[in-house]
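Have a look at upload_39.txt below; it lists compact mmCIF, C-alpha atoms and all ligand atoms.
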```txt
# COMPACT_ATOMS: atom_id res chain seq x y z
CA MET A 421 -115.19 -6.52 -32.41
CA ASN A 422 -117.70 -9.20 -33.44
CA LYS A 423 -116.68 -9.64 -37.06
CA ALA A 424 -118.11 -12.07 -39.60
CA PRO A 425 -116.61 -15.56 -39.36
CA ILE A 426 -114.10 -16.65 -42.00
CA LEU A 427 -115.29 -20.14 -42.85
CA PRO A 428 -113.50 -23.17 -44.28
CA PRO A 429 -112.23 -23.76 -46.96
CA ALA A 430 -110.67 -20.27 -46.77
CA THR A 431 -106.88 -20.20 -46.86
CA ILE A 432 -104.94 -19.30 -43.71
CA GLY A 433 -101.35 -18.13 -44.13
CA ILE A 434 -98.91 -18.81 -41.30
CA ILE A 435 -95.70 -16.82 -41.05
CA GLY A 436 -93.15 -19.18 -39.54
CA GLY A 437 -92.93 -22.90 -40.14
CA GLY A 438 -91.74 -24.43 -36.85
CA GLN A 439 -93.62 -26.79 -34.54
CA LEU A 440 -96.17 -24.17 -33.46
CA GLY A 441 -96.97 -23.49 -37.12
CA GLN A 442 -97.18 -27.23 -37.69
CA MET A 443 -99.70 -27.84 -34.90
CA LEU A 444 -101.68 -24.73 -35.93
CA ALA A 445 -101.76 -26.04 -39.50
CA GLN A 446 -102.94 -29.47 -38.33
CA SER A 447 -105.84 -27.91 -36.42
CA ALA A 448 -106.78 -25.69 -39.35
CA LYS A 449 -106.58 -28.59 -41.82
CA THR A 450 -108.80 -30.72 -39.58
CA MET A 451 -111.44 -28.00 -39.81
CA GLY A 452 -111.14 -27.89 -43.62
CA TYR A 453 -109.12 -24.71 -44.06
CA HIS A 454 -106.35 -24.53 -46.61
CA VAL A 455 -102.99 -23.59 -45.15
CA GLY A 456 -99.94 -21.87 -46.62
CA ILE A 457 -96.62 -21.40 -44.82
CA LEU A 458 -93.92 -18.78 -45.24
CA ASP A 459 -90.55 -20.00 -43.99
CA PRO A 460 -86.98 -19.93 -45.33
CA ILE A 461 -86.35 -23.64 -44.67
CA PRO A 462 -87.70 -25.92 -47.42
CA ASP A 463 -89.97 -28.66 -46.06
CA CYS A 464 -89.97 -27.10 -42.57
CA PRO A 465 -92.19 -28.80 -39.92
CA ALA A 466 -95.32 -26.76 -40.77
CA ALA A 467 -94.89 -27.13 -44.53
CA GLN A 468 -94.90 -30.93 -44.12
CA VAL A 469 -98.58 -30.78 -43.11
CA SER A 470 -99.77 -27.81 -45.20
CA ASP A 471 -101.05 -27.18 -48.72
CA PHE A 472 -98.21 -24.98 -49.89
CA GLN A 473 -95.06 -23.22 -48.76
CA ILE A 474 -93.46 -20.00 -49.89
CA ILE A 475 -89.75 -20.39 -49.23
CA ALA A 476 -88.51 -16.97 -48.17
CA ALA A 477 -87.20 -14.96 -45.25
CA TYR A 478 -89.81 -13.65 -42.77
CA ASP A 479 -89.09 -10.04 -43.78
CA ASP A 480 -89.17 -10.65 -47.56
CA GLN A 481 -91.84 -8.16 -48.58
CA VAL A 482 -92.40 -9.61 -52.05
CA ALA A 483 -92.88 -13.10 -50.60
CA LEU A 484 -95.18 -11.81 -47.84
CA LYS A 485 -97.28 -10.03 -50.45
CA LYS A 486 -97.46 -13.25 -52.48
CA LEU A 487 -98.67 -15.10 -49.36
CA ALA A 488 -101.19 -12.35 -48.59
CA ASN A 489 -102.61 -12.57 -52.12
CA LYS A 490 -103.25 -16.29 -51.70
CA CYS A 491 -104.84 -16.07 -48.23
CA ALA A 492 -108.00 -14.82 -46.52
CA LEU A 493 -106.01 -14.03 -43.39
CA LEU A 494 -102.49 -14.22 -42.01
CA THR A 495 -101.27 -15.30 -38.61
CA TYR A 496 -97.80 -15.70 -37.11
CA GLU A 497 -96.36 -18.48 -34.99
CA PHE A 498 -93.58 -16.45 -33.42
CA GLU A 499 -93.03 -12.86 -32.36
CA ASN A 500 -89.88 -11.99 -34.26
CA VAL A 501 -91.74 -11.22 -37.48
CA SER A 502 -90.80 -7.97 -39.16
CA LEU A 503 -93.30 -5.34 -38.10
CA ILE A 504 -92.29 -3.06 -40.97
CA ALA A 505 -92.89 -5.84 -43.51
CA LEU A 506 -96.30 -6.67 -42.02
CA GLU A 507 -97.33 -3.03 -42.00
CA THR A 508 -97.05 -2.96 -45.79
CA LEU A 509 -99.69 -5.74 -46.00
CA LYS A 510 -102.31 -3.95 -43.92
CA ASN A 511 -104.48 -3.19 -46.94
CA ASP A 512 -103.98 -6.53 -48.70
CA VAL A 513 -105.03 -9.07 -46.11
CA SER A 514 -106.61 -9.44 -42.69
CA LEU A 515 -104.16 -9.73 -39.76
CA PRO A 516 -106.52 -10.63 -36.92
CA GLN A 517 -103.86 -10.59 -34.18
CA GLY A 518 -103.01 -7.04 -35.19
CA LEU A 519 -99.75 -5.17 -35.25
CA ARG A 520 -100.00 -3.67 -31.76
CA LEU A 521 -99.82 -7.09 -30.08
CA LEU A 522 -96.68 -7.83 -32.09
CA ALA A 523 -95.13 -4.44 -31.36
CA ILE A 524 -95.60 -4.99 -27.63
CA THR A 525 -94.48 -8.60 -27.40
CA GLN A 526 -91.49 -8.47 -29.73
CA ASN A 527 -89.63 -6.03 -27.50
CA ARG A 528 -89.04 -7.04 -23.88
CA LEU A 529 -88.77 -3.45 -22.70
CA VAL A 530 -91.97 -2.32 -24.44
CA GLU A 531 -93.71 -5.42 -23.04
CA LYS A 532 -92.56 -4.79 -19.46
CA ASN A 533 -93.54 -1.12 -19.69
CA PHE A 534 -96.95 -2.17 -21.03
CA LEU A 535 -97.40 -4.53 -18.05
CA ARG A 536 -96.28 -1.84 -15.62
CA ALA A 537 -98.61 0.75 -17.17
CA ASN A 538 -101.53 -1.66 -16.66
CA ASP A 539 -100.63 -2.43 -13.03
CA ILE A 540 -99.73 -6.02 -13.82
CA PRO A 541 -96.93 -7.09 -11.45
CA THR A 542 -93.52 -7.95 -12.94
CA VAL A 543 -90.08 -8.79 -11.57
CA PRO A 544 -88.19 -5.56 -10.72
CA PHE A 545 -86.28 -4.48 -13.85
CA THR A 546 -84.30 -1.56 -15.19
CA GLU A 547 -83.18 -0.50 -18.63
CA ILE A 548 -79.46 -0.82 -19.44
CA GLN A 549 -77.87 1.21 -22.23
CA ALA A 550 -74.30 2.04 -23.17
CA THR A 551 -74.74 5.34 -21.28
CA THR A 552 -76.29 3.87 -18.10
CA ASP A 553 -74.51 4.73 -14.84
CA LEU A 554 -73.89 1.21 -13.55
CA THR A 555 -73.34 2.39 -9.97
CA THR A 556 -77.12 2.88 -9.73
CA VAL A 557 -78.25 -0.66 -10.58
CA GLY A 558 -77.25 -2.47 -7.37
CA ALA A 559 -80.90 -3.06 -6.41
CA TYR A 560 -81.26 -5.40 -9.42
CA LEU A 561 -78.33 -7.65 -8.49
CA PRO A 562 -77.90 -10.55 -8.59
CA GLY A 563 -79.85 -10.41 -11.79
CA ILE A 564 -80.28 -11.50 -15.37
CA LEU A 565 -79.31 -9.30 -18.30
CA LYS A 566 -81.72 -9.88 -21.19
CA THR A 567 -81.70 -8.49 -24.71
CA THR A 568 -84.89 -6.66 -25.62
CA VAL A 569 -85.29 -8.18 -29.08
CA GLY A 570 -84.82 -11.61 -30.61
CA GLY A 571 -84.35 -13.66 -27.40
CA TYR A 572 -85.88 -17.12 -26.96
CA ASP A 573 -85.18 -20.28 -24.94
CA GLY A 574 -82.59 -18.43 -22.85
CA HIS A 575 -80.73 -17.06 -25.90
CA GLY A 576 -79.65 -13.47 -25.32
CA GLN A 577 -79.58 -13.84 -21.51
CA VAL A 578 -76.75 -13.97 -18.98
CA ASP A 579 -76.68 -14.31 -15.22
CA ILE A 580 -75.12 -11.23 -13.62
CA ALA A 581 -73.58 -11.21 -10.13
CA ASN A 582 -71.92 -7.77 -10.16
CA THR A 583 -71.53 -4.63 -12.29
CA THR A 584 -68.21 -5.80 -13.78
CA MET A 585 -70.13 -8.68 -15.38
CA ILE A 586 -72.54 -6.20 -16.95
CA THR A 587 -69.67 -4.41 -18.69
CA ALA A 588 -68.23 -7.77 -19.77
CA HIS A 589 -71.46 -8.41 -21.69
CA ALA A 590 -71.75 -4.95 -23.20
CA GLN A 591 -72.41 -6.53 -26.61
CA LEU A 592 -75.95 -7.28 -25.33
CA TYR A 593 -76.79 -3.58 -25.05
CA GLN A 594 -74.60 -1.83 -27.60
CA GLN A 595 -77.08 -1.84 -30.51
CA ALA A 596 -80.32 -1.56 -28.52
CA PRO A 597 -81.09 -1.22 -24.80
CA ALA A 598 -81.19 -4.39 -22.70
CA ILE A 599 -82.96 -4.97 -19.41
CA LEU A 600 -81.52 -6.04 -16.11
CA GLU A 601 -83.97 -8.06 -14.07
CA LYS A 602 -83.53 -9.04 -10.46
CA ARG A 603 -83.09 -12.80 -10.02
CA LEU A 604 -86.26 -13.94 -8.32
CA ALA A 605 -86.33 -16.82 -5.83
CA PHE A 606 -89.69 -18.06 -7.08
CA VAL A 607 -91.40 -21.17 -5.69
CA GLN A 608 -93.18 -22.08 -8.93
CA GLU A 609 -93.09 -21.19 -12.60
CA ILE A 610 -96.54 -21.32 -14.17
CA SER A 611 -98.26 -20.30 -17.38
CA VAL A 612 -101.65 -19.98 -18.99
CA MET A 613 -102.93 -19.54 -22.50
CA VAL A 614 -105.75 -17.07 -23.02
CA THR A 615 -107.78 -15.95 -26.01
CA GLN A 616 -110.96 -14.15 -27.02
CA ASP A 617 -113.30 -15.85 -29.42
CA GLY A 618 -115.43 -14.43 -32.24
CA LEU A 619 -118.01 -13.25 -29.68
CA ASP A 620 -115.31 -11.48 -27.63
CA GLN A 621 -115.64 -14.09 -24.87
CA VAL A 622 -112.43 -14.63 -22.91
CA HIS A 623 -111.26 -18.24 -22.58
CA ILE A 624 -108.41 -19.26 -20.28
CA TRP A 625 -106.80 -22.70 -20.46
CA PRO A 626 -105.86 -24.33 -17.12
CA ILE A 627 -102.68 -23.29 -15.29
CA ALA A 628 -99.57 -25.28 -16.19
CA GLU A 629 -96.63 -25.72 -13.83
CA ASN A 630 -93.37 -25.55 -15.76
CA LYS A 631 -89.84 -26.80 -15.15
CA HIS A 632 -86.89 -25.63 -17.21
CA GLU A 633 -83.57 -27.22 -18.11
CA GLN A 634 -80.82 -24.69 -18.94
CA HIS A 635 -83.47 -21.98 -19.53
CA VAL A 636 -85.45 -24.22 -21.92
CA LEU A 637 -88.87 -25.60 -20.98
CA LYS A 638 -88.57 -29.28 -20.06
CA THR A 639 -91.89 -30.31 -18.47
CA SER A 640 -95.39 -28.92 -17.93
CA LEU A 641 -97.75 -30.45 -15.39
CA ILE A 642 -101.47 -29.66 -15.62
CA PRO A 643 -103.34 -28.62 -13.58
CA ALA A 644 -100.68 -26.78 -11.56
CA GLN A 645 -100.90 -27.24 -7.80
CA VAL A 646 -101.73 -23.67 -6.78
CA SER A 647 -103.80 -22.06 -4.04
CA PRO A 648 -107.13 -20.33 -4.81
CA LYS A 649 -105.35 -17.02 -4.12
CA VAL A 650 -102.81 -17.71 -6.87
CA ALA A 651 -105.48 -19.02 -9.27
CA LEU A 652 -107.53 -15.85 -8.77
CA GLN A 653 -104.57 -13.58 -9.57
CA VAL A 654 -103.86 -15.63 -12.72
CA THR A 655 -107.46 -15.31 -13.91
CA GLN A 656 -107.47 -11.58 -13.24
CA ILE A 657 -104.15 -11.05 -15.05
CA ALA A 658 -105.12 -13.16 -18.09
CA THR A 659 -108.54 -11.51 -18.41
CA LYS A 660 -107.06 -8.03 -18.10
CA LEU A 661 -104.45 -8.83 -20.76
CA ALA A 662 -107.08 -10.20 -23.15
CA LYS A 663 -109.17 -7.04 -22.78
CA LYS A 664 -106.31 -4.51 -22.82
CA LEU A 665 -104.79 -6.14 -25.90
CA ASP A 666 -108.15 -6.55 -27.67
CA LEU A 667 -106.84 -10.06 -28.07
CA ARG A 668 -107.24 -12.23 -31.14
CA GLY A 669 -105.33 -15.49 -31.32
CA VAL A 670 -103.82 -17.22 -28.32
CA LEU A 671 -101.57 -15.37 -25.88
CA GLY A 672 -99.18 -17.37 -23.69
CA VAL A 673 -98.54 -15.78 -20.29
CA GLU A 674 -95.46 -16.94 -18.35
CA MET A 675 -95.54 -16.20 -14.63
CA PHE A 676 -93.62 -16.70 -11.39
CA VAL A 677 -95.20 -17.47 -8.01
CA THR A 678 -93.38 -16.14 -4.94
CA ALA A 679 -93.28 -17.70 -1.46
CA ASP A 680 -95.95 -15.22 -0.29
CA GLU A 681 -98.24 -16.25 -3.17
CA GLN A 682 -97.79 -13.21 -5.38
CA VAL A 683 -98.04 -13.81 -9.11
CA LEU A 684 -95.59 -11.86 -11.31
CA VAL A 685 -95.67 -11.91 -15.10
CA ASN A 686 -92.36 -12.98 -16.67
CA GLU A 687 -93.18 -12.67 -20.36
CA LEU A 688 -95.90 -12.79 -23.00
CA ALA A 689 -96.05 -14.79 -26.23
CA PRO A 690 -98.55 -13.65 -28.92
CA ARG A 691 -99.22 -17.22 -30.10
CA PRO A 692 -99.75 -20.74 -28.77
CA HIS A 693 -97.14 -21.63 -26.16
CA ASN A 694 -95.01 -24.71 -25.57
CA SER A 695 -96.60 -25.24 -22.15
CA GLY A 696 -100.02 -25.59 -23.83
CA HIS A 697 -99.22 -28.59 -26.03
CA TYR A 698 -100.94 -30.92 -23.53
CA SER A 699 -104.27 -29.39 -24.60
CA ILE A 700 -104.20 -31.41 -27.85
CA GLU A 701 -104.95 -34.64 -25.99
CA ALA A 702 -106.19 -33.49 -22.56
CA MET A 703 -108.86 -30.91 -23.47
CA ASN A 704 -112.03 -30.42 -25.46
CA VAL A 705 -110.40 -27.52 -27.36
CA SER A 706 -106.62 -27.44 -27.90
CA GLN A 707 -104.75 -24.15 -27.82
CA PHE A 708 -104.18 -24.57 -31.57
CA GLU A 709 -107.87 -25.02 -32.38
CA GLY A 710 -108.57 -22.12 -30.00
CA HIS A 711 -106.14 -19.92 -31.92
CA ILE A 712 -107.67 -20.83 -35.29
CA ARG A 713 -111.21 -20.29 -33.98
CA SER A 714 -110.25 -16.93 -32.51
CA ILE A 715 -108.60 -15.56 -35.66
CA THR A 716 -111.47 -16.77 -37.87
CA ASN A 717 -114.05 -15.19 -35.52
CA LEU A 718 -115.65 -18.49 -34.53
CA PRO A 719 -117.03 -19.17 -31.04
CA ILE A 720 -115.20 -21.42 -28.57
CA ALA A 721 -116.99 -23.82 -26.23
CA PRO A 722 -116.34 -23.45 -22.47
CA LEU A 723 -112.93 -25.03 -21.97
CA LYS A 724 -112.77 -28.37 -20.23
CA LEU A 725 -109.76 -30.37 -19.04
CA TYR A 726 -110.65 -34.05 -19.41
CA GLN A 727 -107.73 -35.43 -17.42
CA PRO A 728 -104.56 -34.14 -15.73
CA ALA A 729 -101.58 -34.17 -18.08
CA LEU A 730 -97.80 -34.15 -18.18
CA MET A 731 -95.96 -32.80 -21.22
CA VAL A 732 -92.26 -33.49 -21.73
CA ASN A 733 -90.18 -31.68 -24.33
CA LEU A 734 -87.74 -33.77 -26.33
CA LEU A 735 -84.62 -31.63 -26.64
CA GLY A 736 -81.77 -32.58 -28.99
CA GLU A 737 -80.74 -36.24 -28.69
CA GLN A 738 -83.63 -36.91 -26.26
CA LEU A 739 -85.78 -37.37 -29.37
CA THR A 740 -83.68 -40.31 -30.54
CA HIS A 741 -83.73 -41.90 -27.08
CA ALA A 742 -87.50 -41.47 -26.82
CA ARG A 743 -88.02 -42.98 -30.28
CA ASN A 744 -86.10 -46.06 -29.14
CA GLU A 745 -88.31 -46.30 -26.04
CA LEU A 746 -91.56 -45.81 -27.90
CA SER A 747 -92.40 -49.51 -28.17
CA HIS A 748 -92.40 -49.73 -24.33
CA HIS A 749 -94.83 -46.83 -23.81
CA PRO A 750 -98.33 -47.32 -25.15
CA GLU A 751 -99.39 -44.41 -22.92
CA TRP A 752 -97.18 -41.87 -24.71
CA HIS A 753 -98.76 -39.39 -27.12
CA PHE A 754 -95.58 -39.00 -29.12
CA HIS A 755 -94.94 -35.92 -31.26
CA ASP A 756 -91.98 -35.62 -33.62
CA TYR A 757 -91.89 -32.26 -35.44
CA GLY A 758 -89.89 -33.65 -38.37
CA LYS A 759 -86.99 -31.20 -38.05
CA ALA A 760 -84.07 -32.00 -40.33
CA GLN A 761 -81.31 -31.35 -37.79
CA ILE A 762 -80.72 -32.55 -34.25
CA ARG A 763 -78.96 -29.84 -32.22
CA PRO A 764 -78.38 -29.74 -28.44
CA LEU A 765 -81.37 -28.27 -26.54
CA ARG A 766 -83.33 -27.80 -29.77
CA LYS A 767 -87.04 -28.57 -29.40
CA LEU A 768 -87.54 -31.56 -31.70
CA GLY A 769 -90.67 -33.17 -30.32
CA HIS A 770 -92.67 -33.76 -27.17
CA ILE A 771 -94.54 -36.45 -25.28
CA THR A 772 -97.87 -35.96 -23.52
CA VAL A 773 -99.34 -38.46 -21.07
CA ILE A 774 -102.82 -38.05 -19.63
CA GLY A 775 -104.39 -39.40 -16.47
CA THR A 776 -102.89 -39.85 -13.00
CA ASN A 777 -101.64 -43.40 -13.63
CA ALA A 778 -99.73 -42.44 -16.75
CA ILE A 779 -98.31 -39.34 -15.01
CA ASN A 780 -97.10 -41.43 -12.06
CA HIS A 781 -95.62 -43.94 -14.46
CA ASN A 782 -93.63 -41.16 -16.17
CA LYS A 783 -92.80 -38.92 -13.23
CA ASN A 784 -89.05 -39.53 -13.44
CA TRP A 785 -89.18 -36.90 -16.22
CA LEU A 786 -90.06 -34.38 -13.51
CA LYS A 787 -86.69 -34.74 -11.81
CA THR A 788 -84.77 -31.60 -12.69
CA ASP A 789 -81.42 -33.43 -12.85
CA LYS A 790 -82.60 -35.71 -15.65
P1 LIG A 801 -87.11 -16.75 -22.92
O1 LIG A 801 -87.50 -15.72 -23.91
O2 LIG A 801 -85.81 -17.38 -23.21
O3 LIG A 801 -88.22 -17.73 -22.59
P2 LIG A 801 -87.47 -15.86 -20.16
O4 LIG A 801 -87.39 -14.47 -19.71
O5 LIG A 801 -88.78 -16.54 -20.10
O6 LIG A 801 -86.84 -15.90 -21.62
O7 LIG A 801 -86.41 -16.69 -19.33
C1 LIG A 801 -86.23 -18.10 -19.47
C2 LIG A 801 -86.24 -18.77 -18.10
O8 LIG A 801 -85.18 -18.24 -17.27
C3 LIG A 801 -87.50 -18.52 -17.30
O9 LIG A 801 -88.53 -19.38 -17.70
C4 LIG A 801 -87.00 -18.76 -15.88
O10 LIG A 801 -86.84 -20.15 -15.62
C5 LIG A 801 -85.61 -18.13 -15.92
N1 LIG A 801 -85.72 -16.71 -15.51
C6 LIG A 801 -85.97 -15.67 -16.32
N2 LIG A 801 -86.04 -14.50 -15.64
C7 LIG A 801 -85.84 -14.80 -14.34
C8 LIG A 801 -85.77 -14.04 -13.12
N3 LIG A 801 -85.93 -12.71 -13.12
N4 LIG A 801 -85.54 -14.69 -11.96
C9 LIG A 801 -85.37 -16.04 -11.95
N5 LIG A 801 -85.41 -16.82 -13.06
C10 LIG A 801 -85.63 -16.23 -14.25
MG MG A 802 -89.87 -17.55 -21.51
```
Represent the structure of the file as structure tokens.
Amino acid sequence: MNKAPILPPATIGIIGGGQLGQMLAQSAKTMGYHVGILDPIPDCPAAQVSDFQIIAAYDDQVALKKLANKCALLTYEFENVSLIALETLKNDVSLPQGLRLLAITQNRLVEKNFLRANDIPTVPFTEIQATTDLTTVGAYLPGILKTTVGGYDGHGQVDIANTTMITAHAQLYQQAPAILEKRLAFVQEISVMVTQDGLDQVHIWPIAENKHEQHVLKTSLIPAQVSPKVALQVTQIATKLAKKLDLRGVLGVEMFVTADEQVLVNELAPRPHNSGHYSIEAMNVSQFEGHIRSITNLPIAPLKLYQPALMVNLLGEQLTHARNELSHHPEWHFHDYGKAQIRPLRKLGHITVIGTNAINHNKNWLKTDK
């Protein structure tokens, strides 16, 4: 591609105003860009650190056009942005990540078929529709039924032991097809962030090892303890994805590692990823700065991890508990997204600690029963 850089103080518009938008905005502001946010919630996390907010729904075409007119380029912080609405802006503003990346990653079935078509290994899956003959899906059981659109943090997913349970959750595939995925007995869940910079150089952040609590990410440990064989597969997968997608912006790649050291891709996120938050304090270039540099066609220095890191998500009331503990933890890099409402399992903040001593000091977070 090799396009001309878009330099500060140009204005970057971010569609979506959650914590990813907030940390993107902070990186962009540090570099001297102006930042505008489009989000329906007044004073959302990203708007708190940006120059202006347009309060509107993500698919409000008039509002999107207004944002486009004020910005040199637009980016999105989540994949459930209306493709139809964005298509109407094609001639008004630059959309460096492109519409194809969004079209692939906002539909689980399209995404899995894209992976399959590019010989990137996935968990065995099959499409489920209202007309599917359920006697043929035994090979995918026990499994997980997942909606193809709109799912996140385990929303839109149910564990399935037998075909009767599939019928019991028919609401998941009445409007649009769902997928049934075999439940995988993985030994590790890992992820990487990857991007291409303004010179089309691929950059891959270190591998994170992730633990979930009720389908929501709880901790990421970096670097992941993986064999060279696993690390090689991850590099090959991430590089192939960056090239095949003509990638701009950061792509998060969630993967499973099996007992025989095969790496399977679980899902893709066309934006910075929760498991990459550690990069703010532990690396020379954070995933957020990397994203901003990529979409503005700037180069990125070879990535360097300064110290190992542990990132802990603060879900629901855990934020309040952590706040009360803050005075006992000088080693915590404490992040509070400034969300107005505490809800169970909602991502409200995170803590990063860097260096082996601080990780050991905080390793009770790694217990899955916490
Ligand atoms: P989400 O969009 O909610 O992140 P994922 O597909 O990543 O959806 O699923 C959330 C989590 O559920 C995963 O990170 C993993 O822990 C678990 N999970 C998902 N699919 C499988 C599977 N096929 N086998 C085992 N665990 C799975
Ligand atoms: Mg996921």
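Distance-wise, atom C5 of ligand LIG 801 (chain A) and CA of Val543 in chain A end up 11.2 Å apart.
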Report as lines of an AutoDock Vina configuration file the centre and the edge lengths, in Å to one decimal, of the axis-aligned box holding every listed atom of ligand LIG 801 (chain A), padded by 3 Å on each side.
```
center_x = -87.0
center_y = -16.4
center_z = -17.9
size_x = 9.6
size_y = 13.4
size_z = 18.0
```
Report task. Around ligand MG 802 (chain A), at most 7 Å away and counting all atoms listed in the file, which residues are there? Put them as a list in words, please. Result -> Tyr572, Asp573, Glu674 and Glu687 of chain A
**Asked** So which one's closest to Asp479 in chain A, A:Leu506, A:Ala448, A:Ala778, A:Val607? Using only C-alpha atoms, please.
**Response**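 Of A:Leu506, A:Ala448, A:Ala778, A:Val607, the one nearest Asp479 in chain A is A:Leu506, counting only C-alpha atoms.
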Neighbours of Gly570 in chain A within 9 Å (all atoms listed in the file; same-chain residues fewer than 4 positions away dropped), as an MDAnalysis selection string?
chainID A and resid 499:500 526:527 575:576
_Need the shell around Met451 in chain A: protein/DNA/RNA residues with any atom at most 10 Å away, counting all atoms listed in the file. Skip same-chain ones fewer than 6 positions apart. Format as a VMD selection string?_
chain A and resid 427 to 429 445 709 712 to 713
Can you list every residue of chain A that has an atom at most 10 Å from ligand LIG 801 (chain A), with its nearest atom pair and the distance in Å to one decimal, using all atoms listed in the file, ordered by chain then number, as a tab-separated table?
```
residue	atom	partner	partner_atom	distance
A:Arg528	CA	A:LIG801	O4	8.7
A:Thr542	CA	A:LIG801	N3	9.0
A:Val543	CA	A:LIG801	N3	5.9
A:Pro544	CA	A:LIG801	N3	7.9
A:Phe545	CA	A:LIG801	N3	8.3
A:Tyr560	CA	A:LIG801	N3	9.4
A:Pro562	CA	A:LIG801	N4	9.3
A:Gly563	CA	A:LIG801	N3	6.6
A:Ile564	CA	A:LIG801	N3	6.2
A:Leu565	CA	A:LIG801	N2	8.9
A:Lys566	CA	A:LIG801	O4	7.4
A:Thr567	CA	A:LIG801	O1	9.3
A:Thr568	CA	A:LIG801	O1	9.6
A:Val569	CA	A:LIG801	O1	9.4
A:Gly570	CA	A:LIG801	O1	8.3
A:Gly571	CA	A:LIG801	O1	5.1
A:Tyr572	CA	A:LIG801	O1	3.7
A:Asp573	CA	A:LIG801	O2	3.4
A:Gly574	CA	A:LIG801	O2	3.4
A:His575	CA	A:LIG801	O2	5.8
A:Gly576	CA	A:LIG801	O2	7.6
A:Gln577	CA	A:LIG801	O2	7.4
A:Val578	CA	A:LIG801	O8	9.6
A:Asp579	CA	A:LIG801	C10	9.2
A:Leu600	CA	A:LIG801	N3	8.5
A:Glu601	CA	A:LIG801	N3	5.1
A:Lys602	CA	A:LIG801	N3	5.1
A:Arg603	CA	A:LIG801	N4	3.7
A:Leu604	CA	A:LIG801	N4	3.8
A:Ala605	CA	A:LIG801	C9	6.2
A:Phe606	CA	A:LIG801	C9	6.8
A:Gln608	CA	A:LIG801	O10	9.4
A:Glu609	CA	A:LIG801	O10	7.0
A:Ile610	CA	A:LIG801	O9	9.0
A:Ser611	CA	A:LIG801	O9	9.8
A:Asn630	CA	A:LIG801	O9	8.1
A:Lys631	CA	A:LIG801	O10	7.3
A:His632	CA	A:LIG801	O10	5.7
A:Glu633	CA	A:LIG801	O10	8.2
A:Gln634	CA	A:LIG801	O8	8.0
A:His635	CA	A:LIG801	C2	4.5
A:Val636	CA	A:LIG801	C1	6.6
A:Leu637	CA	A:LIG801	O9	7.0
A:Val673	CA	A:LIG801	O5	9.8
A:Glu674	CA	A:LIG801	O5	6.9
A:Met675	CA	A:LIG801	O9	8.3
A:Phe676	CA	A:LIG801	C4	8.3
A:Leu684	CA	A:LIG801	N3	9.9
A:Val685	CA	A:LIG801	O5	9.7
A:Asn686	CA	A:LIG801	O4	6.0
A:Glu687	CA	A:LIG801	O5	5.9
A:Leu688	CA	A:LIG801	O5	8.6
A:Ala689	CA	A:LIG801	O1	8.9
```
Checklist entry - In Å, how far is it from CA of Ala598 in chain A to CA of Leu529 in chain A? => result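 We find that CA of Ala598 in chain A and CA of Leu529 in chain A lie 7.6 Å from each other.
Every protein or nucleic acid residue with an atom no more than 7 Å from His711 in chain A, counting all atoms listed in the file and leaving out same-chain residues fewer than 4 positions away, appears here: Gly669, Val670, Gln707 and Ile715 of chain A.
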- Item | Among the residues A:Pro516, A:Gly710, A:Ala760, A:Trp752, the one that comes closest to Ile461 in chain A [using all atoms listed in the file] |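 Residue with the minimum atom-to-atom distance to Ile461 in chain A: A:Ala760.
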Need the shell around range 591-597 of chain A: protein/DNA/RNA residues with any atom at most 6 Å away, counting all atoms listed in the file. Skip same-chain ones fewer than 5 positions apart. Format as a PyMOL selection string? chain A and resi 548-550+567
Go ahead and write the selection's residues with C-alpha atoms as a short mmCIF file (atom, residue, chain, number, x, y, z; two decimals), keeping the file's coordinate frame.
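Result went into again_13.cif, see below:
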```
data_model
loop_
_atom_site.label_atom_id
_atom_site.label_comp_id
_atom_site.auth_asym_id
_atom_site.auth_seq_id
_atom_site.Cartn_x
_atom_site.Cartn_y
_atom_site.Cartn_z
CA ILE A 548 -79.46 -0.82 -19.44
CA GLN A 549 -77.87 1.21 -22.23
CA ALA A 550 -74.30 2.04 -23.17
CA THR A 567 -81.70 -8.49 -24.71
#
```
Can you pull out the residues contacting Ile426 in chain A? Cut-off 12 Å, using only C-alpha atoms, and skip same-chain residues under 6 positions away; I want them as a PDB file with C-alpha atoms, in the coordinates of the input.
```pdb
ATOM      1  CA  ILE A 432    -104.940 -19.300 -43.710  1.00  0.00           C
ATOM      2  CA  ALA A 448    -106.780 -25.690 -39.350  1.00  0.00           C
ATOM      3  CA  MET A 451    -111.440 -28.000 -39.810  1.00  0.00           C
ATOM      4  CA  GLY A 452    -111.140 -27.890 -43.620  1.00  0.00           C
ATOM      5  CA  TYR A 453    -109.120 -24.710 -44.060  1.00  0.00           C
ATOM      6  CA  HIS A 454    -106.350 -24.530 -46.610  1.00  0.00           C
ATOM      7  CA  CYS A 491    -104.840 -16.070 -48.230  1.00  0.00           C
ATOM      8  CA  ALA A 492    -108.000 -14.820 -46.520  1.00  0.00           C
ATOM      9  CA  LEU A 493    -106.010 -14.030 -43.390  1.00  0.00           C
ATOM     10  CA  LEU A 494    -102.490 -14.220 -42.010  1.00  0.00           C
ATOM     11  CA  SER A 514    -106.610  -9.440 -42.690  1.00  0.00           C
ATOM     12  CA  PRO A 516    -106.520 -10.630 -36.920  1.00  0.00           C
ATOM     13  CA  GLY A 618    -115.430 -14.430 -32.240  1.00  0.00           C
ATOM     14  CA  ILE A 712    -107.670 -20.830 -35.290  1.00  0.00           C
ATOM     15  CA  ARG A 713    -111.210 -20.290 -33.980  1.00  0.00           C
ATOM     16  CA  SER A 714    -110.250 -16.930 -32.510  1.00  0.00           C
ATOM     17  CA  ILE A 715    -108.600 -15.560 -35.660  1.00  0.00           C
ATOM     18  CA  THR A 716    -111.470 -16.770 -37.870  1.00  0.00           C
ATOM     19  CA  ASN A 717    -114.050 -15.190 -35.520  1.00  0.00           C
ATOM     20  CA  LEU A 718    -115.650 -18.490 -34.530  1.00  0.00           C
ATOM     21  CA  PRO A 719    -117.030 -19.170 -31.040  1.00  0.00           C
TER      22      PRO A 719
END
```
